[in-house]
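Colleague: Handing you a structure now.
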Amino acid sequence: MTATNSSGGSGGPGASRGAARASARELIEAIVDPGSWHGWDEPVEITTDDPDYRADLERARERTGLDESVITGEGRIEGRRVALVACEFRFLAGSIGVAAGERLVRAVERATAERLPLLAAPASGGTRMQEGTVAFLQMVKVAAAITDHKAAGLPYLVHLRHPTTGGVLASWGSLGHVTAAEPGALIGFMGPRVHEALYGEEFPPGVQNAENLMNHGLIDAVLPLSRLSGVAARVLRVLCASEPAEASGLGVAPASGPGVAPASGAAPAAEEPGRRGDAAAGGRPSMAPGGVDGAATPEAAGVAGGVGSAHDRAAPADFGGAPDGAGPGVVVPSAEVSIRASRRAERPGVRDLLRVAAEDVSPLSGTGAGEHDPGLLLALARVGGTPCVVLGHNRRSAREGDTAEGPGEGQALGPAGLRTARRGMHIAAELGLPLLTVIDTAGAALSREAEEGGLAAEIARCLADMVTLPAPTLCLLLGQGAGGAALALLPADRVVAARHAWLSPLPPEGASAILHRTTERAYEVAARQGVRSADLLAQGIVDRIVEEDVSGFGDGARAGDGSQAGDRSQAGDVSQAGDGSRVGDASRAGEASGFGDAYPAGDASRVGDGSQAGDRSQAGDRSRAGDASQVEGASGAPETSRAEDASRAPDVFLSRLGHLLGAELAALRAQDPGERLAARRVRHRRIGLGR
């Protein structure tokens with residue numbers, strides 16, 4: 001999931017390299033009928049305050065003549081109207097940040113609203129590391145938009161170009177009805193440079209290339225650019241056979257205009273016959289409501305309309321200081337402190353959660369189709385009294401190599417584990433049971449077997465299942481949240497995070513290798529990327545933070561029965577960071593969850609020291625979470641030594657956590673399903689656009 005992890009590496013003979021690589025514009029010119037291309041992109045301004053990142057963006061613009069890493073628009077292929085999205089690898093390795101992600105989503109939504117088949121041509125290293133976790137989450141919203149497009153009965157074709165890796169491959173690059181790749185293209189979940197930096201050895205050769213993936217049934221064809229237009233036309237004649245001629249644009253004269261739009265990508269000033277609004281005229285109504293830019297629901301249209309040109313203003317938050325909405329007196333641990341705490345071998349995991357906080361636990365084994373992966377636990381249980389399906393990363397199976405100093409082998413999640421997760425999702429959907437996902441992973445499996453087993457595609461399918469699942473969904477971010485293995489279980493109706501949990505596009509060491517070609521600046525990079533639970537709360541990615549400090553409760557006499565936690569009005573609504581009008585009494589919130597004060601006065605020695613975290617991490621050492629009323633039990637004593645974390649009194653922590661989770665699950669189950677699904681859609685659509 002990287003911005004620049006794809007140079008060199010495992011491509012086979014004849015791989016497209018260097019000067020041989022077609023630009024995004026050249027690709028479009030080769031695919032669409034002459035004179036038929038119209039860009040959809042509005043100009044994007046550079047708004048970052050980071051001088052180094054600003055300089056990178058300015059150089060990329062000068063080098064490519066584009067304002068971002070993706071181009072979107074429409075053209076015709078043998079007279080048929082099609083929407084196209086393409087990456088420009090020369091623009092920061094085709095990486096996807098907030099602005100690029102929003103551009104992609106708007107294009108997909110427009111294609112859906114106008115009932116156009118969609119062609120995607122990624123060439124990307126994945127997430128833009130300079131923008132951190134919020135850029136990583138763009139993969140969720142793009143995957144959600146693609147899933148809606150396919151659910152509307154519209155074709156989605158993918159042509160993977162050299163190179164395509166990371167989060168792009170593990171989301172919209174792996175969801176096509178038909179998928180081809182260019183000859184010799186490097187295609188893999190993790191690029192070879194990051195693998196070597198993390199594990200000290202090269203990735204096995206000959207695995208991450210188009211021909212090998214086709215031989216393993218992961219893509220459908222290997223096609224040079226010269227054949228792409230003809231094959232796409234042939235496929236669309238079958239896939240679009242049920243579309244009326246008017247909707248497909250056949251029989252309508254190709255629109256006149258320039259070949260490829262300029263960098264601004266501005267659409268023509270006037271609407272033309274066969275363009276926006278024509279789709280429903282052919283007698284078949286659109287399956288997507290006609291909201292703003294094709295938003296799939298009125299609620300999503302309201303989100304898109306409310307942000308207006310937020311895409312143009314989109315920029316990552318600077319997490320070196322205090323998150324937005326910080327209140328006085330709330331001190332949160334640095335990124336380094338939380339990462340170290342999350343990697344302790346004695347930290348409780350999903351098995352411990354079920355042991356302490358669940359009843360009637362029935363473990364399920366594997367996919368039900370002959371595969372089993374110890375990296376994922378699937379069970380039926382009553383958590384906090386609420387029946388649910390539980391699936392989570394099984395950190396307790398093998399932790400010998402995992403230390404506070406770095407991500408060891410742990411129990412990596414492979415393709416079979418993700419297929420097991422999807423089995424759990426389907427059980428929840430069929431029976432109408434709430435789904436609880438538990439994230440605690442140092443990352444996905446990185447091996448020949450994982451690549452050839454379809455790891456990236458399974459992550460993409462998990463994302464697609466999670467964003468559309470009819471069952472209520474709750475995600476618990478319990479510990480480490482590294483990369484695609486974490487992302488696959490994240491999209492939910494609500495997200496609860498333990499204080500020292502974190503979420504990152506890669507293990508911090510990998511992100512450091514991408515940005516600085518060394519793993520030594522891992523904690524500094526993590527601080528900049530906004531990986532902490534407090535940063536995620538400020539971005540609206542997490543709804544509720546649960547403190548891990550249970551000192552002051554001794555033997556757990558105040559465990560309580562959790563009866564107050566189920567009542568949002570009593571427990572305090574901590575889901576709206578920065579919105580004091582919707583936050584309940586902080587003291588009652590802490591009491592309801594059983595955590596009370598997280599940092600007892602006079603006991604600051606229990607809280608971690610982030611002094612080794614590097615410049616930004618030191619700056620973030622005193623960063624603030626949201627208002628104290630938004631964080632359960634925070635009293636704000638300064639951190640000075642080892643963090644108070646869940647490993648100190650795991651059973652007390654897990655007991656409180658179980659009551660809270662049960663209340664959250666019960667509340668979700670009681671919601672109107674239509675309203676809950678609409679709210680989930682809006683939630684994912686807003687990622688990166690602010691609160």
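Residue numbering restarts at 1 in every chain; chains get A, B, ... in the order shown in the structure tokens, and ligands count up from 1 in that same order.
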May I have the residues within 7 Å of A:Gly414 as a PyMOL selection string, using only C-alpha atoms and disregarding those fewer than 5 positions away in the same chain?
Modeller: chain A and resi 373+444-445+450+455
Colleague: So, with only C-alpha atoms as the atoms that count, which of A:Ala55, A:Ala527, A:Val82, A:Ile541 lies closest to A:Ser334?
Modeller: A:Ala527
Colleague: In Å to one decimal, how far is atom CA of A:His162 from atom CA of A:Val142?
Modeller: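 A separation of 20.5 Å between them.
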Colleague: Can you tell me which residues surround A:Ser338 at a distance of at most 9 Å, considering only C-alpha atoms, apart from same-chain residues fewer than 4 positions away, and format the answer as a PDB file with N, CA and C atoms, in the first residue's frame?
Modeller:
```pdb
ATOM      1  N   PRO A 333      -1.290   9.599  24.116  1.00  0.00           N
ATOM      2  CA  PRO A 333       0.061   9.101  23.872  1.00  0.00           C
ATOM      3  C   PRO A 333       0.510   9.350  22.443  1.00  0.00           C
ATOM      4  N   SER A 334       1.821   9.406  22.266  1.00  0.00           N
ATOM      5  CA  SER A 334       2.386   9.588  20.937  1.00  0.00           C
ATOM      6  C   SER A 334       2.178   8.340  20.091  1.00  0.00           C
ATOM      7  N   SER A 342       0.962  -1.687  21.364  1.00  0.00           N
ATOM      8  CA  SER A 342       0.161  -2.634  20.577  1.00  0.00           C
ATOM      9  C   SER A 342       0.934  -3.883  20.206  1.00  0.00           C
ATOM     10  N   ARG A 343       2.275  -3.801  20.242  1.00  0.00           N
ATOM     11  CA  ARG A 343       3.104  -4.926  19.811  1.00  0.00           C
ATOM     12  C   ARG A 343       3.566  -5.810  20.968  1.00  0.00           C
ATOM     13  N   GLY A 479      -5.762  -3.395  18.308  1.00  0.00           N
ATOM     14  CA  GLY A 479      -4.311  -3.273  18.443  1.00  0.00           C
ATOM     15  C   GLY A 479      -3.700  -2.743  17.161  1.00  0.00           C
ATOM     16  N   ARG A 499      -7.474   2.685  23.065  1.00  0.00           N
ATOM     17  CA  ARG A 499      -6.616   3.872  23.040  1.00  0.00           C
ATOM     18  C   ARG A 499      -5.328   3.655  22.259  1.00  0.00           C
ATOM     19  N   HIS A 500      -4.670   2.525  22.432  1.00  0.00           N
ATOM     20  CA  HIS A 500      -3.380   2.305  21.777  1.00  0.00           C
ATOM     21  C   HIS A 500      -3.499   1.587  20.437  1.00  0.00           C
ATOM     22  N   ALA A 501      -4.687   1.424  19.945  1.00  0.00           N
ATOM     23  CA  ALA A 501      -4.852   0.871  18.600  1.00  0.00           C
ATOM     24  C   ALA A 501      -4.446   1.911  17.573  1.00  0.00           C
ATOM     25  N   TRP A 502      -4.101   1.456  16.396  1.00  0.00           N
ATOM     26  CA  TRP A 502      -3.698   2.373  15.328  1.00  0.00           C
ATOM     27  C   TRP A 502      -3.995   1.752  13.975  1.00  0.00           C
ATOM     28  N   ARG A 532      -2.824   7.285  14.989  1.00  0.00           N
ATOM     29  CA  ARG A 532      -3.317   7.016  16.347  1.00  0.00           C
ATOM     30  C   ARG A 532      -4.840   7.041  16.414  1.00  0.00           C
ATOM     31  N   SER A 533      -5.354   6.463  17.485  1.00  0.00           N
ATOM     32  CA  SER A 533      -6.804   6.468  17.674  1.00  0.00           C
ATOM     33  C   SER A 533      -7.340   7.888  17.775  1.00  0.00           C
ATOM     34  N   GLY A 608       3.011   6.554  28.936  1.00  0.00           N
ATOM     35  CA  GLY A 608       4.203   6.317  28.132  1.00  0.00           C
ATOM     36  C   GLY A 608       5.038   7.512  27.759  1.00  0.00           C
ATOM     37  N   ALA A 643       3.380   3.542  28.737  1.00  0.00           N
ATOM     38  CA  ALA A 643       1.940   3.766  28.669  1.00  0.00           C
ATOM     39  C   ALA A 643       1.197   2.748  29.502  1.00  0.00           C
ATOM     40  N   ASP A 645      -1.513   0.356  29.502  1.00  0.00           N
ATOM     41  CA  ASP A 645      -2.167  -0.279  28.368  1.00  0.00           C
ATOM     42  C   ASP A 645      -2.876  -1.545  28.813  1.00  0.00           C
TER      43      ASP A 645
END
```
Colleague: Identify, on the basis of only C-alpha atoms, every residue whose closest approach to A:Asp493 does not exceed 12 Å; exclude the query and any residue fewer than 5 positions from it along the same chain; express the result as a compact mmCIF listing (two decimals) with N, CA and C atoms, in the first residue's frame.
Modeller:
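Done, and the output landed in out-v2.txt:
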```
# COMPACT_ATOMS: atom_id res chain seq x y z
N PRO A 434 -25.85 -9.32 13.93
CA PRO A 434 -24.79 -8.32 13.88
C PRO A 434 -23.44 -8.98 13.63
N LEU A 435 -22.56 -8.25 12.97
CA LEU A 435 -21.21 -8.73 12.69
C LEU A 435 -20.23 -7.87 13.48
N LEU A 436 -19.37 -8.50 14.26
CA LEU A 436 -18.30 -7.81 14.98
C LEU A 436 -16.97 -8.21 14.36
N THR A 437 -16.24 -7.25 13.82
CA THR A 437 -14.90 -7.52 13.30
C THR A 437 -13.88 -6.95 14.28
N MET A 466 -18.25 -5.75 2.86
CA MET A 466 -18.48 -4.98 4.08
C MET A 466 -19.30 -3.73 3.81
N VAL A 467 -19.05 -3.05 2.71
CA VAL A 467 -19.76 -1.78 2.48
C VAL A 467 -21.21 -2.01 2.09
N THR A 468 -21.57 -3.22 1.65
CA THR A 468 -22.94 -3.49 1.21
C THR A 468 -23.68 -4.46 2.12
N LEU A 469 -23.03 -5.01 3.13
CA LEU A 469 -23.63 -6.05 3.96
C LEU A 469 -24.91 -5.55 4.62
N PRO A 470 -26.03 -6.27 4.48
CA PRO A 470 -27.27 -5.81 5.09
C PRO A 470 -27.29 -5.93 6.60
N ALA A 471 -26.45 -6.78 7.17
CA ALA A 471 -26.42 -6.97 8.62
C ALA A 471 -25.78 -5.77 9.30
N PRO A 472 -26.13 -5.51 10.56
CA PRO A 472 -25.44 -4.46 11.34
C PRO A 472 -23.97 -4.83 11.51
N THR A 473 -23.08 -3.86 11.43
CA THR A 473 -21.65 -4.14 11.51
C THR A 473 -20.98 -3.20 12.50
N LEU A 474 -20.13 -3.77 13.33
CA LEU A 474 -19.34 -3.02 14.31
C LEU A 474 -17.91 -3.48 14.20
N CYS A 475 -16.98 -2.55 14.10
CA CYS A 475 -15.55 -2.86 14.02
C CYS A 475 -14.88 -2.44 15.32
N LEU A 476 -14.08 -3.33 15.86
CA LEU A 476 -13.24 -3.01 17.02
C LEU A 476 -11.79 -2.97 16.56
N ILE A 541 -13.01 8.61 11.31
CA ILE A 541 -12.81 7.21 10.95
C ILE A 541 -13.21 6.31 12.12
N VAL A 542 -12.94 6.77 13.33
CA VAL A 542 -13.32 6.09 14.56
C VAL A 542 -14.41 6.90 15.24
N ASP A 543 -15.37 6.20 15.85
CA ASP A 543 -16.48 6.86 16.53
C ASP A 543 -16.29 6.96 18.03
N SER A 575 -19.60 9.93 19.63
CA SER A 575 -19.35 9.66 18.22
C SER A 575 -19.13 10.91 17.40
N GLU A 664 -23.23 -1.54 21.96
CA GLU A 664 -23.13 -1.01 20.59
C GLU A 664 -23.83 -1.93 19.60
N LEU A 665 -23.60 -3.23 19.72
CA LEU A 665 -24.22 -4.19 18.81
C LEU A 665 -25.74 -4.17 18.94
N ALA A 667 -27.59 -1.69 19.98
CA ALA A 667 -28.12 -0.44 19.44
C ALA A 667 -28.18 -0.48 17.91
N LEU A 668 -27.15 -1.05 17.29
CA LEU A 668 -27.15 -1.16 15.83
C LEU A 668 -28.27 -2.08 15.35
N ARG A 669 -28.47 -3.17 16.08
CA ARG A 669 -29.50 -4.13 15.68
C ARG A 669 -30.90 -3.52 15.78
N GLN A 671 -31.69 -0.43 15.12
CA GLN A 671 -31.90 0.62 14.13
C GLN A 671 -32.72 0.11 12.95
N PRO A 673 -33.16 -0.83 9.36
CA PRO A 673 -32.12 -1.26 8.42
C PRO A 673 -31.86 -0.28 7.29
N GLU A 675 -32.32 3.00 7.25
CA GLU A 675 -31.63 4.17 7.75
C GLU A 675 -30.17 3.85 8.08
N ARG A 676 -29.94 2.65 8.64
CA ARG A 676 -28.57 2.27 8.97
C ARG A 676 -27.70 2.13 7.73
N LEU A 677 -28.23 1.50 6.70
CA LEU A 677 -27.46 1.34 5.47
C LEU A 677 -27.20 2.67 4.79
N ALA A 678 -28.19 3.57 4.83
CA ALA A 678 -27.99 4.91 4.25
C ALA A 678 -26.92 5.66 5.01
N ALA A 679 -26.93 5.55 6.33
CA ALA A 679 -25.92 6.22 7.14
C ALA A 679 -24.53 5.64 6.86
N ARG A 680 -24.46 4.32 6.66
CA ARG A 680 -23.17 3.71 6.33
C ARG A 680 -22.65 4.23 4.99
N ARG A 681 -23.54 4.36 4.04
CA ARG A 681 -23.14 4.87 2.73
C ARG A 681 -22.57 6.28 2.84
N VAL A 682 -23.27 7.12 3.60
CA VAL A 682 -22.80 8.49 3.79
C VAL A 682 -21.46 8.49 4.51
N ARG A 683 -21.33 7.63 5.48
CA ARG A 683 -20.08 7.55 6.25
C ARG A 683 -18.88 7.31 5.34
N HIS A 684 -19.03 6.32 4.46
CA HIS A 684 -17.92 5.98 3.58
C HIS A 684 -17.70 7.06 2.52
```
Colleague: Go through A:Pro43, A:Gly483, A:Pro415, A:Gly184 one by one, measure the shortest atom-to-atom distance of each to A:Ala442 using only C-alpha atoms, and give the residue with the smallest value.
Modeller: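 Of all the options, A:Gly483 lies closest to A:Ala442.
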Colleague: Could you jot down the atom CA of A:Val495 to atom CA of A:Arg686 separation for me, Å, one decimal place?
Modeller: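 That distance, rounded to one decimal, is 14.9 Å.
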Colleague: Please, which residues of stretch 33-223 of chain A, numbered as in this document, come out strand (DSSP E or B) from DSSP, as a PyMOL selection string?
Modeller: chain A and resi 38-39+70-77+80-87+96+118-121+124+127+156-160+164-165+178-181+186-188+209+221-222
Colleague: Run DSSP on the backbone and tell me which residues of stretch 183-231 of chain A come out as helix (DSSP H, G or I); list them as a PyMOL selection string.
Modeller: chain A and resi 192-199+210-215+225-231
